[in-house]
$ cat final02.cif   # mmCIF, C-alpha atoms
data_run
loop_
_atom_site.label_atom_id
_atom_site.label_comp_id
_atom_site.auth_asym_id
_atom_site.auth_seq_id
_atom_site.Cartn_x
_atom_site.Cartn_y
_atom_site.Cartn_z
CA MET A 1 -15.83 -33.55 44.48
CA ARG A 2 -14.65 -34.05 40.91
CA VAL A 3 -11.45 -32.21 39.95
CA ILE A 4 -11.43 -30.90 36.34
CA PRO A 5 -7.94 -30.74 34.80
CA GLN A 6 -6.71 -27.23 34.27
CA ALA A 7 -5.64 -28.07 30.71
CA MET A 8 -9.31 -28.20 29.68
CA PHE A 9 -9.59 -24.44 30.21
CA GLN A 10 -6.40 -23.53 28.33
CA MET A 11 -6.61 -21.84 24.95
CA PRO A 12 -4.85 -23.40 21.94
CA ALA A 13 -1.14 -22.71 21.76
CA SER A 14 -1.61 -20.57 18.66
CA TYR A 15 -3.70 -18.09 20.69
CA ASP A 16 -0.84 -17.48 23.10
CA LEU A 17 1.44 -16.21 20.33
CA ALA A 18 1.10 -12.85 18.65
CA PRO A 19 -0.55 -13.11 15.21
CA VAL A 20 1.42 -12.27 12.09
CA VAL A 21 0.14 -9.13 10.35
CA PHE A 22 0.52 -8.84 6.56
CA ASP A 23 -0.11 -5.79 4.40
CA ILE A 24 0.62 -6.97 0.85
CA GLY A 25 0.84 -3.99 -1.49
CA VAL A 26 1.36 -3.86 -5.23
CA GLU A 27 4.90 -2.51 -4.85
CA PHE A 28 5.87 -3.17 -1.21
CA THR A 29 4.77 -5.58 1.51
CA LYS A 30 4.79 -4.99 5.26
CA ALA A 31 4.95 -7.93 7.67
CA GLY A 32 5.36 -8.17 11.42
CA PHE A 33 3.73 -9.22 14.68
CA ALA A 34 0.59 -7.92 16.33
CA GLY A 35 1.35 -5.54 19.18
CA ASP A 36 4.54 -4.19 17.59
CA SER A 37 4.78 -0.49 16.76
CA SER A 38 6.28 -1.09 13.31
CA PRO A 39 6.63 -3.95 10.81
CA ARG A 40 9.57 -6.33 11.08
CA CYS A 41 10.19 -5.98 7.34
CA ILE A 42 9.19 -3.78 4.41
CA ILE A 43 10.20 -5.51 1.20
CA ARG A 44 9.38 -5.38 -2.50
CA SER A 45 6.45 -7.57 -3.56
CA GLU A 46 8.54 -9.85 -5.73
CA VAL A 47 10.22 -13.21 -5.24
CA LEU A 48 12.27 -15.83 -7.07
CA SER A 49 10.15 -18.80 -8.11
CA HIS A 50 11.77 -22.15 -7.31
CA ASP A 51 9.78 -23.84 -10.09
CA SER A 52 10.60 -21.51 -13.00
CA ASN A 53 13.75 -19.92 -11.51
CA GLN A 54 12.41 -16.49 -12.51
CA ILE A 55 11.49 -13.37 -10.59
CA ILE A 56 7.72 -13.14 -10.03
CA THR A 57 6.39 -9.63 -9.44
CA TYR A 58 3.05 -9.19 -7.69
CA LYS A 59 1.81 -6.33 -9.89
CA TYR A 60 2.20 -8.45 -13.05
CA CYS A 61 0.48 -11.62 -11.83
CA ARG A 62 -2.64 -10.25 -10.13
CA ALA A 63 -4.98 -11.40 -12.92
CA ASP A 64 -3.63 -14.94 -13.36
CA LYS A 65 -4.75 -17.56 -10.85
CA ASP A 66 -1.80 -19.93 -11.36
CA LEU A 67 0.86 -17.20 -11.31
CA LEU A 68 -0.76 -15.63 -8.27
CA TYR A 69 -0.78 -18.92 -6.40
CA ASP A 70 2.88 -19.51 -7.26
CA PHE A 71 3.79 -15.99 -6.18
CA PHE A 72 2.02 -16.15 -2.81
CA ARG A 73 3.44 -19.59 -2.03
CA ASN A 74 7.06 -18.57 -2.69
CA PHE A 75 6.73 -15.05 -1.32
CA LEU A 76 5.13 -16.03 1.98
CA ARG A 77 7.61 -18.89 2.46
CA TYR A 78 10.42 -16.37 2.05
CA ILE A 79 8.86 -14.01 4.62
CA TYR A 80 8.24 -16.74 7.21
CA ASN A 81 11.62 -18.46 6.84
CA THR A 82 13.93 -15.51 6.17
CA ARG A 83 12.35 -12.37 7.59
CA LEU A 84 10.12 -13.40 10.51
CA LEU A 85 11.82 -16.70 11.44
CA VAL A 86 8.64 -18.29 12.80
CA THR A 87 6.56 -21.37 11.99
CA SER A 88 3.35 -20.63 10.13
CA ARG A 89 1.37 -23.39 11.90
CA ASP A 90 1.87 -21.78 15.30
CA ARG A 91 0.46 -18.32 14.64
CA ARG A 92 -2.79 -16.82 13.44
CA VAL A 93 -2.68 -14.46 10.46
CA VAL A 94 -4.11 -10.97 10.06
CA ILE A 95 -4.40 -9.53 6.55
CA VAL A 96 -4.75 -5.80 5.92
CA GLU A 97 -6.47 -5.13 2.62
CA SER A 98 -8.63 -2.63 0.77
CA VAL A 99 -12.36 -3.30 0.64
CA LEU A 100 -11.96 -3.07 -3.15
CA CYS A 101 -9.48 -5.97 -3.26
CA PRO A 102 -10.48 -8.39 -6.07
CA SER A 103 -12.05 -11.68 -4.96
CA LEU A 104 -9.47 -13.64 -6.98
CA ILE A 105 -6.63 -12.26 -4.86
CA ARG A 106 -8.48 -12.76 -1.55
CA GLU A 107 -9.46 -16.35 -2.28
CA THR A 108 -6.06 -17.32 -3.70
CA LEU A 109 -4.30 -15.87 -0.66
CA ALA A 110 -6.62 -17.76 1.72
CA GLU A 111 -6.05 -20.98 -0.23
CA VAL A 112 -2.27 -20.62 0.04
CA PHE A 113 -2.36 -19.83 3.76
CA PHE A 114 -4.61 -22.77 4.67
CA LYS A 115 -3.31 -25.41 2.25
CA CYS A 116 0.39 -24.60 1.98
CA PHE A 117 1.12 -23.05 5.39
CA GLU A 118 -1.69 -24.59 7.50
CA VAL A 119 -2.25 -21.46 9.58
CA PRO A 120 -4.79 -21.81 12.43
CA SER A 121 -7.00 -18.92 11.28
CA LEU A 122 -7.24 -15.85 9.06
CA MET A 123 -8.60 -12.44 9.98
CA TYR A 124 -9.20 -9.67 7.43
CA PHE A 125 -9.07 -6.00 8.36
CA PRO A 126 -10.02 -3.12 6.00
CA SER A 127 -6.97 -0.90 5.58
CA HIS A 128 -8.84 2.42 5.68
CA LEU A 129 -10.60 1.56 8.93
CA MET A 130 -7.31 0.41 10.48
CA ALA A 131 -5.61 3.70 9.58
CA ALA A 132 -8.28 5.61 11.50
CA SER A 133 -8.34 3.11 14.38
CA ALA A 134 -4.62 3.62 15.00
CA LEU A 135 -5.45 7.27 15.76
CA GLY A 136 -8.50 6.43 17.88
CA LEU A 137 -10.91 7.94 15.34
CA SER A 138 -14.31 6.59 14.37
CA ASN A 139 -15.11 9.44 11.94
CA ALA A 140 -12.55 10.28 9.26
CA LEU A 141 -11.93 10.80 5.58
CA VAL A 142 -9.11 8.42 4.61
CA ILE A 143 -7.16 9.14 1.42
CA ASP A 144 -4.94 6.24 0.36
CA ALA A 145 -2.45 7.11 -2.40
CA GLY A 146 -1.16 3.78 -3.63
CA TYR A 147 0.58 2.37 -6.68
CA SER A 148 -2.17 2.31 -9.31
CA GLU A 149 -4.82 4.62 -7.87
CA VAL A 150 -5.87 6.96 -5.09
CA GLN A 151 -8.78 5.68 -2.98
CA ILE A 152 -10.94 7.98 -0.88
CA PHE A 153 -13.12 6.38 1.80
CA PRO A 154 -15.33 8.19 4.34
CA LEU A 155 -15.63 6.46 7.73
CA TYR A 156 -18.51 7.32 10.03
CA GLU A 157 -19.08 5.71 13.44
CA GLY A 158 -16.52 3.05 12.57
CA MET A 159 -18.25 2.05 9.33
CA VAL A 160 -16.96 2.49 5.78
CA LEU A 161 -19.47 4.47 3.70
CA LEU A 162 -19.15 2.41 0.54
CA SER A 163 -21.74 4.46 -1.31
CA SER A 164 -19.50 7.54 -0.99
CA TYR A 165 -16.09 6.23 -1.96
CA GLU A 166 -14.14 7.70 -4.88
CA THR A 167 -11.11 6.50 -6.83
CA LEU A 168 -8.65 8.44 -8.96
CA GLN A 169 -6.84 6.31 -11.53
CA VAL A 170 -3.43 7.84 -10.93
CA GLY A 171 -0.81 6.92 -8.38
CA ALA A 172 2.80 5.89 -8.09
CA LYS A 173 2.60 4.15 -11.48
CA SER A 174 1.80 7.44 -13.25
CA ILE A 175 4.69 9.06 -11.37
CA HIS A 176 7.05 6.30 -12.49
CA ASP A 177 5.87 6.65 -16.10
CA PHE A 178 6.48 10.41 -16.01
CA ILE A 179 9.97 9.99 -14.55
CA GLU A 180 10.87 7.39 -17.17
CA SER A 181 9.65 9.57 -20.05
CA GLN A 182 11.54 12.60 -18.72
CA LEU A 183 14.74 10.60 -18.29
CA VAL A 184 14.53 9.28 -21.85
CA GLU A 185 13.78 12.75 -23.20
CA ASP A 186 16.10 15.00 -21.15
CA GLY A 187 18.24 12.73 -18.97
CA LYS A 188 22.02 12.91 -19.33
CA VAL A 189 24.78 10.53 -18.26
CA MET A 190 28.15 11.98 -17.29
CA SER A 191 31.18 9.70 -17.42
CA GLY A 192 34.23 9.91 -15.19
CA LYS A 193 36.10 11.77 -17.94
CA GLY A 194 33.50 14.53 -17.99
CA GLU A 195 31.78 13.41 -21.19
CA ILE A 196 28.00 13.97 -21.21
CA MET A 197 25.79 11.65 -23.27
CA PRO A 198 21.98 11.48 -23.57
CA LEU A 199 20.39 8.72 -21.52
CA ALA A 200 18.26 7.77 -24.54
CA SER A 201 21.31 5.99 -25.94
CA ASN A 202 21.64 3.90 -22.73
CA THR A 203 18.03 2.96 -21.98
CA GLU A 204 19.18 -0.34 -20.43
CA LEU A 205 20.22 1.74 -17.40
CA ILE A 206 16.58 2.64 -16.71
CA THR A 207 15.15 0.00 -14.37
CA SER A 208 12.12 -0.03 -12.09
CA SER A 209 14.33 0.07 -8.99
CA LEU A 210 16.22 3.08 -10.41
CA ILE A 211 12.98 4.96 -11.06
CA GLU A 212 11.67 4.13 -7.59
CA ASP A 213 14.89 5.34 -5.98
CA ILE A 214 14.86 8.59 -7.99
CA LYS A 215 11.28 9.21 -6.91
CA VAL A 216 12.21 8.75 -3.26
CA ARG A 217 15.50 10.64 -3.26
CA ALA A 218 15.04 13.39 -5.85
CA CYS A 219 11.37 14.23 -6.43
CA PHE A 220 9.15 16.63 -4.50
CA VAL A 221 5.82 18.42 -4.90
CA SER A 222 5.97 22.14 -5.62
CA PRO A 223 3.37 24.72 -4.50
CA LYS A 224 0.40 25.12 -6.84
CA PHE A 225 1.32 28.53 -8.26
CA ARG A 226 4.86 27.40 -9.09
CA ALA A 227 3.76 24.08 -10.60
CA GLN A 228 1.26 25.83 -12.89
CA LYS A 229 4.00 28.11 -14.22
CA LEU A 230 6.30 25.17 -14.88
CA VAL A 231 3.56 23.26 -16.70
CA LYS A 232 2.94 26.29 -18.94
CA ASN A 233 6.71 26.74 -19.57
CA ASP A 234 6.64 30.19 -18.00
CA LYS A 235 10.12 31.68 -18.50
CA SER A 236 9.85 33.65 -15.25
CA CYS A 237 9.94 30.40 -13.25
CA THR A 238 13.25 28.53 -13.19
CA PRO A 239 13.07 24.75 -12.60
CA ALA A 240 14.98 23.09 -9.80
CA PRO A 241 18.65 22.31 -10.59
CA PRO A 242 19.47 18.85 -11.97
CA LEU A 243 20.40 16.21 -9.41
CA GLU A 244 23.55 14.14 -9.77
CA TYR A 245 22.60 10.51 -9.18
CA PRO A 246 25.53 8.02 -9.04
CA LEU A 247 25.08 4.99 -11.27
CA GLY A 248 28.36 3.25 -10.46
CA LYS A 249 31.37 2.59 -12.70
CA ASP A 250 32.22 6.31 -12.64
CA LYS A 251 28.89 7.22 -14.24
CA ILE A 252 26.54 9.94 -12.94
CA LEU A 253 22.94 10.42 -14.03
CA LEU A 254 21.77 14.03 -14.28
CA VAL A 255 18.08 14.02 -13.27
CA PRO A 256 16.31 17.01 -14.91
CA GLY A 257 14.79 19.64 -12.64
CA LEU A 258 11.36 19.45 -14.31
CA CYS A 259 11.35 15.70 -13.68
CA ARG A 260 11.97 16.32 -10.00
CA GLU A 261 9.26 18.95 -9.54
CA LEU A 262 6.44 17.75 -11.82
CA ALA A 263 6.60 13.99 -11.20
CA ALA A 264 3.54 13.96 -8.91
CA GLU A 265 1.65 16.72 -10.72
CA SER A 266 -0.70 14.26 -12.45
CA ILE A 267 -2.39 13.63 -9.09
CA PHE A 268 -3.23 17.30 -8.56
CA GLN A 269 -3.93 18.45 -12.13
CA LEU A 270 -7.35 18.03 -13.77
CA ASP A 271 -7.45 15.20 -16.30
CA TYR A 272 -9.71 14.78 -19.34
CA ASP A 273 -12.64 13.96 -17.04
CA ASP A 274 -12.02 17.07 -14.89
CA CYS A 275 -10.83 14.84 -12.06
CA SER A 276 -8.06 15.62 -9.59
CA LEU A 277 -7.38 14.69 -6.00
CA GLN A 278 -9.15 17.75 -4.61
CA ALA A 279 -12.13 17.22 -6.94
CA MET A 280 -12.48 13.58 -5.87
CA VAL A 281 -12.40 14.57 -2.19
CA LEU A 282 -15.19 17.08 -2.83
CA ASN A 283 -17.26 14.50 -4.72
CA SER A 284 -16.87 11.98 -1.90
CA ILE A 285 -17.93 14.51 0.74
CA LEU A 286 -20.98 15.59 -1.26
CA LYS A 287 -22.12 11.95 -1.49
CA CYS A 288 -22.15 11.66 2.31
CA PRO A 289 -25.13 12.61 4.48
CA ILE A 290 -25.17 16.31 5.34
CA ASP A 291 -24.98 15.78 9.11
CA CYS A 292 -21.66 13.91 8.93
CA ARG A 293 -19.75 16.07 6.42
CA LYS A 294 -18.39 18.44 9.05
CA GLU A 295 -16.98 15.59 11.13
CA LEU A 296 -15.31 14.02 8.11
CA LEU A 297 -13.63 17.27 7.06
CA ARG A 298 -12.29 17.69 10.58
CA ASN A 299 -10.44 14.38 10.38
CA ILE A 300 -8.55 13.93 7.10
CA ILE A 301 -5.98 11.13 7.03
CA LEU A 302 -3.41 10.76 4.25
CA ILE A 303 -1.82 7.32 3.93
CA GLY A 304 0.09 5.36 1.29
CA GLY A 305 3.62 5.40 -0.08
CA THR A 306 2.94 8.27 -2.52
CA VAL A 307 2.09 10.57 0.39
CA CYS A 308 5.72 10.26 1.57
CA ILE A 309 6.91 12.50 -1.30
CA PRO A 310 8.10 15.80 0.26
CA GLY A 311 5.58 18.60 -0.19
CA PHE A 312 2.59 16.30 -0.84
CA GLU A 313 0.69 17.20 2.32
CA SER A 314 1.43 20.92 2.01
CA ARG A 315 0.17 20.96 -1.58
CA PHE A 316 -2.99 19.04 -0.78
CA VAL A 317 -4.42 20.75 2.22
CA GLU A 318 -5.19 24.06 3.79
CA VAL A 319 -7.51 22.26 6.24
CA ARG A 320 -6.67 20.22 9.30
CA LEU A 321 -4.66 17.04 8.83
CA HIS A 322 -4.20 14.49 11.59
CA LYS A 323 -0.62 13.82 12.59
CA LEU A 324 -0.01 10.15 11.93
CA SER A 325 1.34 7.79 14.56
CA ALA A 326 3.44 5.96 11.94
CA PRO A 327 4.86 6.67 8.48
CA PRO A 328 2.04 7.05 5.91
CA ASN A 329 2.91 3.75 4.22
CA CYS A 330 2.68 1.85 7.55
CA GLN A 331 -0.34 3.54 9.17
CA ALA A 332 -2.86 0.84 8.17
CA TRP A 333 -0.44 -1.92 9.26
CA LEU A 334 -0.06 -0.27 12.67
CA GLY A 335 -3.84 -0.12 13.12
CA ALA A 336 -4.15 -3.83 12.40
CA SER A 337 -1.24 -4.55 14.74
CA ILE A 338 -3.04 -2.73 17.54
CA MET A 339 -6.47 -4.22 16.89
CA SER A 340 -5.20 -7.80 16.59
CA SER A 341 -3.01 -7.75 19.70
CA PRO A 342 -4.07 -10.16 22.47
CA GLN A 343 -4.88 -7.26 24.82
CA ILE A 344 -7.71 -5.96 22.60
CA GLN A 345 -10.97 -7.76 21.86
CA PHE A 346 -11.92 -6.62 18.35
CA ALA A 347 -15.34 -7.52 16.97
CA VAL A 348 -14.09 -9.42 13.93
CA LYS A 349 -14.58 -13.16 13.78
CA PRO A 350 -11.60 -15.05 12.31
CA LEU A 351 -11.92 -17.64 9.57
CA THR A 352 -10.56 -20.89 10.99
CA LYS A 353 -8.96 -23.75 9.10
CA ALA A 354 -11.93 -26.05 9.85
CA GLN A 355 -14.42 -23.50 8.54
CA TYR A 356 -12.42 -23.00 5.36
CA ARG A 357 -12.18 -26.75 4.71
CA LYS A 358 -15.93 -27.05 5.14
CA ARG A 359 -16.68 -24.08 2.85
CA PRO A 360 -13.65 -22.78 0.89
CA ARG A 361 -15.16 -19.42 0.02
CA LEU A 362 -14.72 -15.91 1.38
CA LEU A 363 -17.45 -13.32 1.80
CA ASP A 364 -16.92 -10.07 -0.07
CA TRP A 365 -16.62 -6.85 1.94
CA PHE A 366 -19.73 -5.51 0.20
CA ASN A 367 -21.72 -8.41 1.66
CA LEU A 368 -20.47 -7.70 5.18
CA MET A 369 -21.18 -3.95 5.34
#

$ encode --input "final02.cif" --output "structure tokens"
Amino acid sequence: MRVIPQAMFQMPASYDLAPVVFDIGVEFTKAGFAGDSSPRCIIRSEVLSHDSNQIITYKYCRADKDLLYDFFRNFLRYIYNTRLLVTSRDRRVVIVESVLCPSLIRETLAEVFFKCFEVPSLMYFPSHLMAASALGLSNALVIDAGYSEVQIFPLYEGMVLLSSYETLQVGAKSIHDFIESQLVEDGKVMSGKGEIMPLASNTELITSSLIEDIKVRACFVSPKFRAQKLVKNDKSCTPAPPLEYPLGKDKILLVPGLCRELAAESIFQLDYDDCSLQAMVLNSILKCPIDCRKELLRNIILIGGTVCIPGFESRFVEVRLHKLSAPPNCQAWLGASIMSSPQIQFAVKPLTKAQYRKRPRLLDWFNLM
């Protein structure tokens, strides 16, 4: 009887190690290992380029092929070598992305992974489906409030209903713009001697990291009736007190109360096209088949960094919201971590290095669904 070596039945070494899961956002990136309950790192999507010795920011290079390639190459090298401390050749890669992700970004990212880091395979997961999968739901209405827009995707029987999606062109960027304008208009800087000067005379103090930190630490969403009074300058409604934000060197920034309360109001107020978050949710539901609308309204999931603002969920909903199993900005990452773990057989075929070399193109999500 012929004895067949046991090594012939062994899987490649890369399949024994947990894949690396990436969720690359416009402002922040999450990275970690499949099977973990949370990412190993959440960092800003920016990196120092070794070629130009300048900071490259993801949100400013998304439309330029060469800048995007340079960004991904330096950014992913930093994550592998400094944050995850693993070799890229040994582990498969899982990418969490929106189904609306531009083809330029998807193809550039795949090119960097296969040519620069020589990963064994790539697997793409739609972020909205992963957010629902982490909760064990196949029917849900996923609302993703990101940096540049709010995306609303209905999921039915585990499929994304692309014909019913809606987008609202406001997000964290509009919040940042409002905070910056309010600081320039009404912000005050108090020195250690008690002198108060307008911030407009020290605009160099206003940086993107300062605005982001003020949004996280100082801003909140007020109830609808109170926000409407503040927008109309109703004298019967007193704004929140100014917040003292330390700037260092004995300087304190006084953040105006209106800035704190109305920063996220652009998401809930009707714009020139009569669009708001609630209106977009209604439009998305009405585009869905009648027999699945009830199931979708039963399972509403709010994800994205903007949702983390205190009072956001209370302002949005008087219907049932699902309690998330992770922070809203990590919910999609957690779903991909679960679905790509070795213990679960998920029906998504990875793109291997050999397949990419033979045909260096990626199928669009709209061709797969």

$ atom_distance --input "final02.cif" --atom1 "atom CA of A:Asp186" --atom2 "atom CA of A:Arg315"
25.9 Å

$ residues_around --input "final02.cif" --residues "stretch 174-184 of chain A" --least-positions-apart "4" --cutoff "6 Å" --atoms "all atoms listed in the file" --output "PDB file with C-alpha atoms, in the coordinates of the input"
ATOM      1  CA  VAL A 170      -3.430   7.840 -10.930  1.00  0.00           C
ATOM      2  CA  LEU A 199      20.390   8.720 -21.520  1.00  0.00           C
ATOM      3  CA  ALA A 200      18.260   7.770 -24.540  1.00  0.00           C
ATOM      4  CA  CYS A 259      11.350  15.700 -13.680  1.00  0.00           C
ATOM      5  CA  ALA A 263       6.600  13.990 -11.200  1.00  0.00           C
ATOM      6  CA  ALA A 264       3.540  13.960  -8.910  1.00  0.00           C
TER       7      ALA A 264
END

$ residues_around --input "final02.cif" --residues "stretch 26-39 of chain A" --least-positions-apart "2" --cutoff "10 Å" --atoms "all atoms listed in the file" --output "compact mmCIF listing (two decimals) with C-alpha atoms, keeping the file's coordinate frame"
# COMPACT_ATOMS: atom_id res chain seq x y z
CA LEU A 17 1.44 -16.21 20.33
CA ALA A 18 1.10 -12.85 18.65
CA PRO A 19 -0.55 -13.11 15.21
CA VAL A 20 1.42 -12.27 12.09
CA VAL A 21 0.14 -9.13 10.35
CA PHE A 22 0.52 -8.84 6.56
CA ASP A 23 -0.11 -5.79 4.40
CA ILE A 24 0.62 -6.97 0.85
CA CYS A 41 10.19 -5.98 7.34
CA ILE A 42 9.19 -3.78 4.41
CA ILE A 43 10.20 -5.51 1.20
CA ARG A 44 9.38 -5.38 -2.50
CA SER A 45 6.45 -7.57 -3.56
CA GLU A 46 8.54 -9.85 -5.73
CA THR A 57 6.39 -9.63 -9.44
CA TYR A 58 3.05 -9.19 -7.69
CA LYS A 59 1.81 -6.33 -9.89
CA TYR A 60 2.20 -8.45 -13.05
CA ARG A 62 -2.64 -10.25 -10.13
CA LEU A 76 5.13 -16.03 1.98
CA ILE A 79 8.86 -14.01 4.62
CA TYR A 80 8.24 -16.74 7.21
CA ARG A 83 12.35 -12.37 7.59
CA LEU A 84 10.12 -13.40 10.51
CA ARG A 91 0.46 -18.32 14.64
CA ARG A 92 -2.79 -16.82 13.44
CA VAL A 93 -2.68 -14.46 10.46
CA VAL A 94 -4.11 -10.97 10.06
CA ILE A 95 -4.40 -9.53 6.55
CA VAL A 96 -4.75 -5.80 5.92
CA GLY A 146 -1.16 3.78 -3.63
CA TYR A 147 0.58 2.37 -6.68
CA SER A 148 -2.17 2.31 -9.31
CA ALA A 172 2.80 5.89 -8.09
CA LYS A 173 2.60 4.15 -11.48
CA GLU A 212 11.67 4.13 -7.59
CA GLY A 305 3.62 5.40 -0.08
CA SER A 325 1.34 7.79 14.56
CA ALA A 326 3.44 5.96 11.94
CA PRO A 327 4.86 6.67 8.48
CA ASN A 329 2.91 3.75 4.22
CA CYS A 330 2.68 1.85 7.55
CA GLN A 331 -0.34 3.54 9.17
CA TRP A 333 -0.44 -1.92 9.26
CA LEU A 334 -0.06 -0.27 12.67
CA GLY A 335 -3.84 -0.12 13.12
CA ALA A 336 -4.15 -3.83 12.40
CA SER A 337 -1.24 -4.55 14.74
CA ILE A 338 -3.04 -2.73 17.54
CA MET A 339 -6.47 -4.22 16.89
CA SER A 340 -5.20 -7.80 16.59
CA SER A 341 -3.01 -7.75 19.70
CA PRO A 342 -4.07 -10.16 22.47
CA GLN A 343 -4.88 -7.26 24.82
CA ILE A 344 -7.71 -5.96 22.60

$ residues_near_point --input "final02.cif" --point "(8.5, -17.7, -10.2)" --cutoff "10 Å" --atoms "all atoms listed in the file" --output "VMD selection string"
chain A and resid 46 to 57 67 to 68 70 to 75

$ write_last_selection --input "final02.cif" --atoms "C-alpha atoms" --output "compact mmCIF listing (two decimals), in the frame of the given file"
# COMPACT_ATOMS: atom_id res chain seq x y z
CA GLU A 46 8.54 -9.85 -5.73
CA VAL A 47 10.22 -13.21 -5.24
CA LEU A 48 12.27 -15.83 -7.07
CA SER A 49 10.15 -18.80 -8.11
CA HIS A 50 11.77 -22.15 -7.31
CA ASP A 51 9.78 -23.84 -10.09
CA SER A 52 10.60 -21.51 -13.00
CA ASN A 53 13.75 -19.92 -11.51
CA GLN A 54 12.41 -16.49 -12.51
CA ILE A 55 11.49 -13.37 -10.59
CA ILE A 56 7.72 -13.14 -10.03
CA THR A 57 6.39 -9.63 -9.44
CA LEU A 67 0.86 -17.20 -11.31
CA LEU A 68 -0.76 -15.63 -8.27
CA ASP A 70 2.88 -19.51 -7.26
CA PHE A 71 3.79 -15.99 -6.18
CA PHE A 72 2.02 -16.15 -2.81
CA ARG A 73 3.44 -19.59 -2.03
CA ASN A 74 7.06 -18.57 -2.69
CA PHE A 75 6.73 -15.05 -1.32

$ atom_distance --input "final02.cif" --atom1 "atom CA of A:Ser98" --atom2 "atom CA of A:Phe125"
8.3 Å

$ resolve_selection --input "final02.cif" --expression "the PyMOL selection byres ((chain A and resi 249-256) around 8)" --output "mmCIF file with C-alpha atoms, in the frame of the given file"
data_model
loop_
_atom_site.group_PDB
_atom_site.id
_atom_site.type_symbol
_atom_site.label_atom_id
_atom_site.label_comp_id
_atom_site.auth_asym_id
_atom_site.auth_seq_id
_atom_site.Cartn_x
_atom_site.Cartn_y
_atom_site.Cartn_z
ATOM 1 C CA GLN A 182 11.540 12.600 -18.720
ATOM 2 C CA LEU A 183 14.740 10.600 -18.290
ATOM 3 C CA ASP A 186 16.100 15.000 -21.150
ATOM 4 C CA GLY A 187 18.240 12.730 -18.970
ATOM 5 C CA LYS A 188 22.020 12.910 -19.330
ATOM 6 C CA VAL A 189 24.780 10.530 -18.260
ATOM 7 C CA MET A 190 28.150 11.980 -17.290
ATOM 8 C CA SER A 191 31.180 9.700 -17.420
ATOM 9 C CA GLY A 192 34.230 9.910 -15.190
ATOM 10 C CA PRO A 241 18.650 22.310 -10.590
ATOM 11 C CA PRO A 242 19.470 18.850 -11.970
ATOM 12 C CA LEU A 243 20.400 16.210 -9.410
ATOM 13 C CA GLU A 244 23.550 14.140 -9.770
ATOM 14 C CA TYR A 245 22.600 10.510 -9.180
ATOM 15 C CA PRO A 246 25.530 8.020 -9.040
ATOM 16 C CA LEU A 247 25.080 4.990 -11.270
ATOM 17 C CA GLY A 248 28.360 3.250 -10.460
ATOM 18 C CA GLY A 257 14.790 19.640 -12.640
ATOM 19 C CA LEU A 258 11.360 19.450 -14.310
ATOM 20 C CA CYS A 259 11.350 15.700 -13.680
ATOM 21 C CA ARG A 260 11.970 16.320 -10.000
#

$ atom_distance --input "final02.cif" --atom1 "atom CA of A:Asn139" --atom2 "atom CA of A:Leu296"
6.0 Å

$ closest_residue --input "final02.cif" --among "A:Pro223, A:Pro289, A:Gly158, A:Pro350" --to "A:Glu313" --atoms "all atoms listed in the file"
A:Pro223

$ closest_residue --input "final02.cif" --among "A:Glu107, A:Arg77, A:Arg40, A:Ala240" --to "A:Arg359" --atoms "all atoms listed in the file"
A:Glu107

$ resolve_selection --input "final02.cif" --expression "the PyMOL selection byres ((chain A and resi 129) around 9)" --output "PyMOL selection string"
chain A and resi 125-128+130-134+138+140+142+153+155+158-160+332+335

$ closest_residue --input "final02.cif" --among "A:Glu118, A:Cys101, A:Val150, A:Pro198" --to "A:Ile303" --atoms "only C-alpha atoms"
A:Val150

$ closest_residue --input "final02.cif" --among "A:Leu205, A:Leu135, A:Met123, A:Val221" --to "A:Thr306" --atoms "only C-alpha atoms"
A:Val221
